[in-house]
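Engineer: Pasting a structure here, questions to come.
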Amino acid sequence: MIGRAGFLVTIALRHLARRRRQTAVAVSGVAVGVGFFLAVSALMVGSQNDFIEQLIDAAPHIIISDELRSPSPQPGVRVFGKGAVALHGYKVRNEVRGIKDWQAIVSAANSVSGAVASPSLTGGVTLRLGGHDEAIGIVGVEPEIEKKISTIEDKLRVGHLHDLETTQGGIIIGEDLAKRLGVQVGDIVAATSSSSSGRSMRVVGLFKKGQTQLSSGTGYVLLREAQSLLGRPFIINRIGVKLADPYAAEAVAARLESRFGYKAESWQERSADFLSLLVTRNVIMYSVVSAILLVASFGIYTVVSNNVSDKRRDIAIMRSIGFSESDLQFIFVVEGLVLAIIGVLFGWLLGYGLMTILGSLRFPIGGDVEHIPLDRSARQYAIAALVSFLAGSLAAWLPARKAARVDPVDILRGAV
């Protein structure tokens with residue numbers, strides 16, 4: 001069986017060798033298609049992966065806030081809700097904001113394998129310097145814990161997160177805000193809130209410009225400083241949780257919310273709109289790049305189809321001396337696969353070169369030099385090869401099927 005298959009493969013190779021120009025054109029078409037498939041898919045998938053990583057790293061994987069998805073009903077409604085009584089003018093009972101028994105929630109989150117939970121307090125304050133006021137939202141954190149759940153440390157142009165612990169009244173703000181206030185690291189600004197008469201804060205760090213994850217109107221302070229400044233001692237209203245597996249965030253958030261009642265948002269829930277857009281984007285991307293390879297397969301179809309047309313008499317002779325229909329189909333399908341294999345190999349080289357060029361491009365953004373994110377994984381090469389082989393096999397099988405149905409008697413008699 002191996003000897004017969006080898007003989008049929010030899011015939012297919014000789015057919016291709018005798019039509020070198022057409023063979024070279026077909027191989028070039030496949031190579032160009034594979035090369036640009038790799039470049040486009042690496043660019044699109046790489047940018048998508050980078051975007052998802054930024055979504056994951058922009059904030060903790062799970063954020064537990066002092067909100068309830070279904071607020072508890074007011075006492076009057078709860079007592080007389082089912083009675084034939086109309087309630088008017090009763091005083092609405094407001095819940096005191098803040099997470100109750102937050103230590104238990106932090107403990108439960110930390111019990112998840114590889115998880116780290118960080119309590120924090122957020123609120124609004126006004127920074128004042130020389131008659132210039134800027135309203136910002138402050139986040140009170142424990143620096144050593146916060147560094148484990150967020151990438152804030154990497155976003156600092158000047159200073160470190162632990163400087164909040166070593167400096168009394170330290171605050172970290174964005175470069176844009178510092179420019180508007182006219183302050184630098186080490187300068188002192190006045191901070192006031194609705195619950196305090198004001199106090200002095202010293203700037204100990206600056207966020208880089210252009211950080212989409214951090215608002216220009218956000219400042220970080222020590223947790224106890226925020227509690228004092230906002231007049232909320234021992235209170236927190238936010239718990240951030242980082243997991244070893246970010247994609248387990250939805251399940252863990254659901255468990256924590258069902259157990260403690262407070263709203264627990266996973267990063268997938270916060271970014272649901274963006275993630276749904278990525279699905280549509282992927283469909284469009286793979287449709288376009290697959291069309292590139294499909295067009296390239298027409299070169300294979302042309303070569304095999306021309307071989308079938310030129311070898312009709314030879315095909316008739318082969319049928320008459322004992323070659324079966326499956327033998328003839330095998331010969332011409334092998335021709336298409338050989339063209340696809342050679343084209344894929346050259347296409348891999350072309351794609352690697354294009355990705356190298358794209359990866360070497362440098363873009364100055366926000367004072368830093370950025371590179372285009374690319375996905376150079378073996379998966380992209382495998383997808384390109386698989387699609388090329390499928391398209392090449394189909395392109396070769398169509399004329400091969402026609403060749404196998406040739407009636408040798410008609411051809412030898414000159415009827416066709």
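Lettering and numbering for the structure tokens are positional, with chains as A, B, ... in the shown order, residues counted from 1 in each chain, and ligands counted from 1 in the shown order.
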Please identify which residues in stretch 139-302 of chain A DSSP calls strand (DSSP E) from the backbone, and express them as a ChimeraX atom specification.

Structural biologist: /A:139-141,156-158,170-174,188-193,196-207,218-222,238-242,264-266

Engineer: Looking only at alpha helix (DSSP H) from DSSP on the backbone, list the matching residues of stretch 2-240 of chain A as a CSV table (one decimal) with N, CA, C and O atoms, in the first residue's frame.

Structural biologist:
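Full text of out.csv as output:
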```
chain,number,residue,atom,x,y,z
A,2,ILE,N,2.0,1.2,0.8
A,2,ILE,CA,2.8,2.4,0.9
A,2,ILE,C,3.5,2.6,-0.5
A,2,ILE,O,3.7,3.7,-0.9
A,3,GLY,N,3.9,1.5,-1.1
A,3,GLY,CA,4.6,1.7,-2.4
A,3,GLY,C,3.6,2.3,-3.5
A,3,GLY,O,4.1,3.1,-4.3
A,4,ARG,N,2.4,1.9,-3.5
A,4,ARG,CA,1.4,2.4,-4.4
A,4,ARG,C,1.2,3.9,-4.1
A,4,ARG,O,1.2,4.7,-5.1
A,5,ALA,N,1.0,4.3,-2.9
A,5,ALA,CA,0.8,5.7,-2.5
A,5,ALA,C,2.1,6.5,-2.9
A,5,ALA,O,1.9,7.6,-3.4
A,6,GLY,N,3.3,5.9,-2.7
A,6,GLY,CA,4.5,6.6,-3.1
A,6,GLY,C,4.6,6.9,-4.6
A,6,GLY,O,5.0,7.9,-5.0
A,7,PHE,N,4.1,5.9,-5.3
A,7,PHE,CA,4.1,6.0,-6.8
A,7,PHE,C,3.2,7.1,-7.2
A,7,PHE,O,3.5,7.9,-8.1
A,8,LEU,N,2.0,7.2,-6.6
A,8,LEU,CA,1.0,8.2,-6.9
A,8,LEU,C,1.5,9.6,-6.6
A,8,LEU,O,1.3,10.6,-7.3
A,9,VAL,N,2.2,9.7,-5.4
A,9,VAL,CA,2.8,11.0,-5.0
A,9,VAL,C,3.9,11.4,-6.0
A,9,VAL,O,4.0,12.6,-6.3
A,10,THR,N,4.6,10.5,-6.5
A,10,THR,CA,5.7,10.8,-7.5
A,10,THR,C,5.1,11.4,-8.7
A,10,THR,O,5.6,12.3,-9.3
A,11,ILE,N,3.9,10.8,-9.2
A,11,ILE,CA,3.3,11.3,-10.4
A,11,ILE,C,2.8,12.8,-10.1
A,11,ILE,O,3.0,13.6,-11.0
A,12,ALA,N,2.2,13.0,-8.9
A,12,ALA,CA,1.8,14.4,-8.6
A,12,ALA,C,2.9,15.4,-8.6
A,12,ALA,O,2.8,16.5,-9.1
A,13,LEU,N,4.1,15.0,-8.0
A,13,LEU,CA,5.2,15.9,-8.0
A,13,LEU,C,5.7,16.2,-9.4
A,13,LEU,O,6.2,17.3,-9.7
A,14,ARG,N,5.7,15.2,-10.3
A,14,ARG,CA,6.2,15.4,-11.6
A,14,ARG,C,5.2,16.4,-12.4
A,14,ARG,O,5.7,17.2,-13.2
A,15,HIS,N,3.9,16.2,-12.1
A,15,HIS,CA,3.0,17.2,-12.7
A,15,HIS,C,3.3,18.6,-12.3
A,15,HIS,O,3.3,19.5,-13.2
A,16,LEU,N,3.6,18.8,-11.0
A,16,LEU,CA,3.9,20.2,-10.6
A,16,LEU,C,5.3,20.7,-11.1
A,16,LEU,O,5.4,21.9,-11.4
A,17,ALA,N,6.2,19.8,-11.2
A,17,ALA,CA,7.6,20.2,-11.7
A,17,ALA,C,7.5,20.6,-13.1
A,17,ALA,O,8.4,21.5,-13.5
A,18,ARG,N,6.6,20.1,-13.9
A,18,ARG,CA,6.6,20.4,-15.3
A,18,ARG,C,5.9,21.8,-15.5
A,18,ARG,O,6.0,22.3,-16.6
A,20,ARG,N,6.3,24.8,-13.7
A,20,ARG,CA,7.0,25.5,-12.6
A,20,ARG,C,6.4,26.9,-12.4
A,20,ARG,O,6.3,27.4,-11.3
A,21,ARG,N,6.1,27.6,-13.5
A,21,ARG,CA,5.7,28.9,-13.4
A,21,ARG,C,4.3,29.0,-12.7
A,21,ARG,O,4.2,29.8,-11.7
A,22,GLN,N,3.4,28.1,-13.1
A,22,GLN,CA,2.1,28.1,-12.4
A,22,GLN,C,2.2,27.7,-10.9
A,22,GLN,O,1.6,28.2,-10.0
A,23,THR,N,3.1,26.7,-10.7
A,23,THR,CA,3.4,26.2,-9.4
A,23,THR,C,3.9,27.4,-8.5
A,23,THR,O,3.5,27.5,-7.3
A,24,ALA,N,4.9,28.1,-9.0
A,24,ALA,CA,5.4,29.2,-8.2
A,24,ALA,C,4.4,30.3,-7.9
A,24,ALA,O,4.3,30.9,-6.8
A,25,VAL,N,3.5,30.6,-8.9
A,25,VAL,CA,2.4,31.6,-8.7
A,25,VAL,C,1.5,31.1,-7.6
A,25,VAL,O,1.1,31.9,-6.7
A,26,ALA,N,1.1,29.8,-7.6
A,26,ALA,CA,0.2,29.3,-6.6
A,26,ALA,C,0.8,29.3,-5.3
A,26,ALA,O,0.1,29.7,-4.3
A,27,VAL,N,2.1,28.9,-5.2
A,27,VAL,CA,2.8,28.9,-3.9
A,27,VAL,C,2.9,30.3,-3.4
A,27,VAL,O,2.7,30.6,-2.1
A,28,SER,N,3.2,31.3,-4.2
A,28,SER,CA,3.3,32.7,-3.8
A,28,SER,C,2.0,33.2,-3.3
A,28,SER,O,1.9,33.9,-2.3
A,29,GLY,N,0.9,32.8,-3.9
A,29,GLY,CA,-0.4,33.2,-3.5
A,29,GLY,C,-0.7,32.7,-2.1
A,29,GLY,O,-1.2,33.5,-1.2
A,30,VAL,N,-0.5,31.4,-1.8
A,30,VAL,CA,-0.7,30.9,-0.5
A,30,VAL,C,0.2,31.5,0.5
A,30,VAL,O,-0.2,31.9,1.6
A,31,ALA,N,1.5,31.7,0.2
A,31,ALA,CA,2.4,32.3,1.1
A,31,ALA,C,2.0,33.8,1.5
A,31,ALA,O,2.1,34.1,2.7
A,32,VAL,N,1.6,34.5,0.5
A,32,VAL,CA,1.2,35.9,0.8
A,32,VAL,C,-0.1,35.9,1.7
A,32,VAL,O,-0.2,36.6,2.7
A,33,GLY,N,-1.0,35.0,1.4
A,33,GLY,CA,-2.2,34.9,2.2
A,33,GLY,C,-1.9,34.5,3.6
A,33,GLY,O,-2.4,35.1,4.5
A,34,VAL,N,-1.1,33.5,3.8
A,34,VAL,CA,-0.7,33.0,5.1
A,34,VAL,C,0.1,34.1,5.9
A,34,VAL,O,-0.2,34.4,7.1
A,35,GLY,N,1.0,34.8,5.2
A,35,GLY,CA,1.8,35.8,5.8
A,35,GLY,C,0.9,37.0,6.3
A,35,GLY,O,1.1,37.4,7.5
A,36,PHE,N,0.0,37.4,5.5
A,36,PHE,CA,-0.9,38.6,5.9
A,36,PHE,C,-1.9,38.1,6.9
A,36,PHE,O,-2.3,38.9,7.8
A,37,PHE,N,-2.3,36.8,6.8
A,37,PHE,CA,-3.2,36.3,7.9
A,37,PHE,C,-2.5,36.4,9.2
A,37,PHE,O,-3.1,36.8,10.2
A,38,LEU,N,-1.2,35.9,9.3
A,38,LEU,CA,-0.5,36.0,10.5
A,38,LEU,C,-0.3,37.4,11.1
A,38,LEU,O,-0.5,37.7,12.3
A,39,ALA,N,0.0,38.3,10.2
A,39,ALA,CA,0.2,39.7,10.6
A,39,ALA,C,-1.1,40.3,11.1
A,39,ALA,O,-1.1,40.9,12.2
A,40,VAL,N,-2.2,40.1,10.4
A,40,VAL,CA,-3.4,40.8,10.8
A,40,VAL,C,-4.0,40.1,12.1
A,40,VAL,O,-4.4,40.8,13.0
A,41,SER,N,-3.9,38.8,12.1
A,41,SER,CA,-4.5,38.1,13.3
A,41,SER,C,-3.6,38.4,14.5
A,41,SER,O,-4.1,38.5,15.6
A,42,ALA,N,-2.3,38.4,14.3
A,42,ALA,CA,-1.4,38.7,15.5
A,42,ALA,C,-1.7,40.1,16.0
A,42,ALA,O,-1.7,40.4,17.2
A,43,LEU,N,-1.9,41.1,15.1
A,43,LEU,CA,-2.2,42.4,15.5
A,43,LEU,C,-3.5,42.5,16.2
A,43,LEU,O,-3.7,43.2,17.3
A,44,MET,N,-4.6,41.9,15.6
A,44,MET,CA,-5.9,42.0,16.2
A,44,MET,C,-6.0,41.3,17.5
A,44,MET,O,-6.5,41.8,18.5
A,45,VAL,N,-5.5,40.0,17.5
A,45,VAL,CA,-5.6,39.2,18.8
A,45,VAL,C,-4.7,39.8,19.9
A,45,VAL,O,-5.1,39.9,21.0
A,46,GLY,N,-3.5,40.3,19.4
A,46,GLY,CA,-2.6,40.9,20.4
A,46,GLY,C,-3.2,42.1,21.1
A,46,GLY,O,-3.1,42.3,22.3
A,47,SER,N,-3.8,43.0,20.3
A,47,SER,CA,-4.5,44.2,20.8
A,47,SER,C,-5.6,43.8,21.7
A,47,SER,O,-5.9,44.5,22.7
A,48,GLN,N,-6.4,42.8,21.3
A,48,GLN,CA,-7.5,42.3,22.2
A,48,GLN,C,-7.0,41.8,23.5
A,48,GLN,O,-7.6,42.1,24.5
A,49,ASN,N,-6.0,40.9,23.4
A,49,ASN,CA,-5.4,40.4,24.7
A,49,ASN,C,-4.9,41.5,25.6
A,49,ASN,O,-5.1,41.5,26.8
A,50,ASP,N,-4.2,42.5,25.0
A,50,ASP,CA,-3.7,43.6,25.7
A,50,ASP,C,-4.9,44.4,26.4
A,50,ASP,O,-4.8,44.9,27.5
A,51,PHE,N,-5.9,44.6,25.6
A,51,PHE,CA,-7.1,45.3,26.1
A,51,PHE,C,-7.7,44.6,27.3
A,51,PHE,O,-8.1,45.2,28.3
A,52,ILE,N,-7.9,43.2,27.2
A,52,ILE,CA,-8.4,42.4,28.3
A,52,ILE,C,-7.5,42.5,29.5
A,52,ILE,O,-8.0,42.6,30.6
A,53,GLU,N,-6.2,42.4,29.3
A,53,GLU,CA,-5.3,42.5,30.4
A,53,GLU,C,-5.4,43.9,31.1
A,53,GLU,O,-5.4,43.9,32.4
A,54,GLN,N,-5.6,44.9,30.3
A,54,GLN,CA,-5.8,46.2,31.0
A,54,GLN,C,-7.1,46.3,31.7
A,54,GLN,O,-7.2,46.9,32.8
A,55,LEU,N,-8.2,45.6,31.2
A,55,LEU,CA,-9.4,45.6,31.9
A,55,LEU,C,-9.3,44.8,33.2
A,55,LEU,O,-9.8,45.2,34.3
A,56,ILE,N,-8.5,43.7,33.2
A,56,ILE,CA,-8.3,42.9,34.4
A,56,ILE,C,-7.4,43.7,35.4
A,56,ILE,O,-7.7,43.6,36.6
A,57,ASP,N,-6.4,44.3,34.9
A,57,ASP,CA,-5.4,45.0,35.8
A,57,ASP,C,-5.9,46.4,36.2
A,57,ASP,O,-5.3,46.9,37.2
A,58,ALA,N,-6.8,47.0,35.5
A,58,ALA,CA,-7.2,48.3,35.8
A,58,ALA,C,-7.8,48.5,37.2
A,58,ALA,O,-7.7,49.5,37.9
A,75,PRO,N,-39.5,50.1,56.7
A,75,PRO,CA,-40.2,49.4,57.7
A,75,PRO,C,-41.7,49.5,57.5
A,75,PRO,O,-42.4,48.5,57.7
A,76,GLY,N,-42.2,50.7,57.1
A,76,GLY,CA,-43.7,50.8,56.9
A,76,GLY,C,-44.2,49.9,55.8
A,76,GLY,O,-45.2,49.2,55.9
A,77,VAL,N,-43.5,49.8,54.7
A,77,VAL,CA,-43.9,48.9,53.6
A,77,VAL,C,-43.7,47.5,54.0
A,77,VAL,O,-44.6,46.6,53.6
A,78,ARG,N,-42.7,47.2,54.8
A,78,ARG,CA,-42.5,45.8,55.2
A,78,ARG,C,-43.6,45.3,56.1
A,78,ARG,O,-44.0,44.1,56.0
A,79,VAL,N,-44.1,46.2,57.0
A,79,VAL,CA,-45.1,45.8,58.0
A,79,VAL,C,-46.5,45.7,57.4
A,79,VAL,O,-47.3,44.8,57.6
A,80,PHE,N,-46.8,46.8,56.6
A,80,PHE,CA,-48.2,46.9,56.1
A,80,PHE,C,-48.3,46.7,54.5
A,80,PHE,O,-49.3,47.0,53.9
A,102,TRP,N,-17.1,44.2,57.9
A,102,TRP,CA,-16.2,44.1,56.7
A,102,TRP,C,-15.0,43.1,57.0
A,102,TRP,O,-14.5,42.5,56.1
A,103,GLN,N,-14.6,43.0,58.3
A,103,GLN,CA,-13.5,42.1,58.6
A,103,GLN,C,-13.9,40.7,58.2
A,103,GLN,O,-13.0,39.9,57.7
A,104,ALA,N,-15.1,40.3,58.4
A,104,ALA,CA,-15.6,38.9,58.0
A,104,ALA,C,-15.6,38.7,56.5
A,104,ALA,O,-15.2,37.6,56.0
A,105,ILE,N,-15.9,39.8,55.8
A,105,ILE,CA,-15.9,39.7,54.3
A,105,ILE,C,-14.5,39.5,53.8
A,105,ILE,O,-14.2,38.7,52.9
A,106,VAL,N,-13.6,40.3,54.4
A,106,VAL,CA,-12.2,40.3,54.0
A,106,VAL,C,-11.6,38.9,54.3
A,106,VAL,O,-10.9,38.3,53.5
A,107,SER,N,-12.0,38.3,55.4
A,107,SER,CA,-11.5,37.0,55.8
A,107,SER,C,-12.0,35.9,54.9
A,107,SER,O,-11.3,35.0,54.5
A,108,ALA,N,-13.3,36.1,54.5
A,108,ALA,CA,-13.9,35.1,53.6
A,108,ALA,C,-13.3,35.2,52.2
A,108,ALA,O,-13.0,34.1,51.5
A,109,ALA,N,-13.0,36.4,51.7
A,109,ALA,CA,-12.3,36.5,50.4
A,109,ALA,C,-10.9,36.0,50.5
A,109,ALA,O,-10.4,35.3,49.5
A,110,ASN,N,-10.2,36.2,51.6
A,110,ASN,CA,-8.8,35.7,51.7
A,110,ASN,C,-8.7,34.2,51.8
A,110,ASN,O,-7.7,33.6,51.5
A,143,PRO,N,-1.3,50.6,51.9
A,143,PRO,CA,-0.4,50.5,50.7
A,143,PRO,C,0.2,49.1,50.5
A,143,PRO,O,0.2,48.6,49.4
A,144,GLU,N,0.6,48.4,51.5
A,144,GLU,CA,1.2,47.1,51.4
A,144,GLU,C,0.2,46.1,50.8
A,144,GLU,O,0.6,45.2,50.0
A,145,ILE,N,-1.1,46.2,51.2
A,145,ILE,CA,-2.1,45.3,50.6
A,145,ILE,C,-2.5,45.7,49.2
A,145,ILE,O,-2.7,44.9,48.3
A,146,GLU,N,-2.7,47.0,49.1
A,146,GLU,CA,-3.1,47.6,47.8
A,146,GLU,C,-2.2,47.2,46.6
A,146,GLU,O,-2.6,47.0,45.5
A,147,LYS,N,-0.9,47.2,46.9
A,147,LYS,CA,0.1,46.8,45.9
A,147,LYS,C,-0.1,45.4,45.4
A,147,LYS,O,0.3,45.1,44.3
A,148,LYS,N,-0.7,44.6,46.2
A,148,LYS,CA,-0.9,43.2,45.8
A,148,LYS,C,-2.1,43.0,44.9
A,148,LYS,O,-2.2,42.0,44.2
A,149,ILE,N,-3.0,43.9,44.9
A,149,ILE,CA,-4.3,43.7,44.1
A,149,ILE,C,-4.4,44.7,43.0
A,149,ILE,O,-5.3,44.6,42.2
A,163,ASP,N,5.1,55.5,50.4
A,163,ASP,CA,5.4,56.9,50.9
A,163,ASP,C,4.2,57.4,51.7
A,163,ASP,O,4.4,58.3,52.5
A,164,LEU,N,3.0,56.9,51.5
A,164,LEU,CA,1.8,57.3,52.2
A,164,LEU,C,2.0,56.9,53.7
A,164,LEU,O,1.4,57.6,54.6
A,165,GLU,N,2.7,55.8,54.0
A,165,GLU,CA,2.9,55.4,55.4
A,165,GLU,C,4.0,56.2,56.1
A,165,GLU,O,3.9,56.4,57.3
A,166,THR,N,5.0,56.6,55.3
A,166,THR,CA,6.1,57.3,55.9
A,166,THR,C,6.0,58.8,56.0
A,166,THR,O,6.8,59.5,56.7
A,175,GLU,N,-0.5,63.8,37.5
A,175,GLU,CA,0.3,64.9,36.9
A,175,GLU,C,-0.6,66.0,36.4
A,175,GLU,O,-0.2,67.2,36.6
A,176,ASP,N,-1.7,65.7,35.8
A,176,ASP,CA,-2.6,66.8,35.2
A,176,ASP,C,-3.1,67.6,36.4
A,176,ASP,O,-3.1,68.9,36.3
A,177,LEU,N,-3.6,67.0,37.4
A,177,LEU,CA,-4.1,67.7,38.6
A,177,LEU,C,-3.0,68.6,39.2
A,177,LEU,O,-3.3,69.7,39.6
A,178,ALA,N,-1.8,68.0,39.4
A,178,ALA,CA,-0.7,68.7,40.0
A,178,ALA,C,-0.4,70.0,39.2
A,178,ALA,O,-0.1,71.0,39.7
A,179,LYS,N,-0.5,69.8,37.8
A,179,LYS,CA,-0.2,71.0,37.0
A,179,LYS,C,-1.2,72.0,37.1
A,179,LYS,O,-0.9,73.2,37.1
A,180,ARG,N,-2.5,71.6,37.2
A,180,ARG,CA,-3.6,72.6,37.4
A,180,ARG,C,-3.4,73.4,38.7
A,180,ARG,O,-3.7,74.6,38.8
A,181,LEU,N,-3.0,72.6,39.8
A,181,LEU,CA,-2.9,73.3,41.1
A,181,LEU,C,-1.5,74.0,41.2
A,181,LEU,O,-1.4,74.9,42.1
A,223,LEU,N,-5.5,54.8,54.5
A,223,LEU,CA,-6.8,54.5,54.9
A,223,LEU,C,-7.3,55.3,56.1
A,223,LEU,O,-8.3,55.9,56.1
A,224,ARG,N,-6.4,55.3,57.1
A,224,ARG,CA,-6.8,56.1,58.4
A,224,ARG,C,-6.9,57.6,58.1
A,224,ARG,O,-7.7,58.3,58.8
A,225,GLU,N,-6.1,58.1,57.2
A,225,GLU,CA,-6.2,59.5,56.8
A,225,GLU,C,-7.5,59.8,56.1
A,225,GLU,O,-8.1,60.8,56.4
A,226,ALA,N,-7.9,58.9,55.3
A,226,ALA,CA,-9.2,59.1,54.6
A,226,ALA,C,-10.4,59.0,55.6
A,226,ALA,O,-11.3,59.8,55.5
A,227,GLN,N,-10.3,58.1,56.5
A,227,GLN,CA,-11.4,58.0,57.5
A,227,GLN,C,-11.4,59.3,58.4
A,227,GLN,O,-12.5,59.7,58.7
A,228,SER,N,-10.3,59.8,58.7
A,228,SER,CA,-10.3,61.0,59.5
A,228,SER,C,-10.7,62.2,58.7
A,228,SER,O,-11.5,63.0,59.2
A,229,LEU,N,-10.3,62.3,57.5
A,229,LEU,CA,-10.6,63.5,56.6
A,229,LEU,C,-12.1,63.5,56.3
A,229,LEU,O,-12.7,64.5,56.2
```

Engineer: Counting only C-alpha atoms, what is within 7 Å of A:Leu293, bar same-chain residues fewer than 2 positions away, as a ChimeraX atom specification?

Structural biologist: /A:30,33-34,289-291,295-297,388

Engineer: Rounded to one decimal place, report the atom CA of A:Leu345-atom CA of A:Arg379 distance in Å.

Structural biologist: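 Spanning atom CA of A:Leu345 to atom CA of A:Arg379 is a straight-line distance of 15.2 Å.
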
Engineer: Rounded to one decimal place, report the atom CA of A:Thr167-atom CA of A:Ser195 distance in Å.

Structural biologist: 22.8 Å

Engineer: Counting only C-alpha atoms, which residue out of A:Lys100, A:Phe346, A:Phe298, A:Trp267 sits closest to A:Ala248?

Structural biologist: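 Between A:Lys100, A:Phe346, A:Phe298, A:Trp267, the residue approaching A:Ala248 most closely is A:Trp267.
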
Engineer: List the neighbours of A:Lys208 out to 8 Å using only C-alpha atoms; skip same-chain residues closer than 5 positions along the sequence, and give me the result as a ChimeraX atom specification.

Structural biologist: /A:155-157,174-175,366

Engineer: If you keep N, CA and C atoms, can you produce a file of those selected residues as a short mmCIF file (atom, residue, chain, number, x, y, z; two decimals), in the first residue's frame?

Structural biologist:
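Dumped everything to again_7.cif:
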```
data_model
loop_
_atom_site.label_atom_id
_atom_site.label_comp_id
_atom_site.auth_asym_id
_atom_site.auth_seq_id
_atom_site.Cartn_x
_atom_site.Cartn_y
_atom_site.Cartn_z
N LYS A 155 2.01 52.77 37.85
CA LYS A 155 1.49 53.97 37.18
C LYS A 155 2.07 55.26 37.73
N LEU A 156 2.97 55.15 38.71
CA LEU A 156 3.52 56.35 39.33
C LEU A 156 4.71 56.88 38.54
N ARG A 157 4.68 58.17 38.28
CA ARG A 157 5.82 58.83 37.64
C ARG A 157 6.88 59.16 38.70
N GLY A 174 -2.61 62.91 40.32
CA GLY A 174 -2.16 62.81 38.94
C GLY A 174 -1.34 64.02 38.50
N GLU A 175 -0.51 63.79 37.46
CA GLU A 175 0.31 64.89 36.94
C GLU A 175 -0.55 66.03 36.42
N GLY A 366 2.23 59.48 26.20
CA GLY A 366 2.26 59.90 27.59
C GLY A 366 3.64 59.93 28.20
#
```

Engineer: Between atom CA of A:Gly359 and atom CA of A:Tyr381, what distance in Å does the model show, to one decimal?

Structural biologist: 16.7 Å

Engineer: Show me, as a list in words, the residues that have an atom within 9 Å of stretch 254-262 of chain A when counting only C-alpha atoms, minus same-chain residues fewer than 5 positions from it.

Structural biologist: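 The contact residues come out as Ile64, Ser65, Asp66, Glu67, Leu68, Arg69, Ile99, Ile105, Ala108, Ala109 and Ala249 of chain A.
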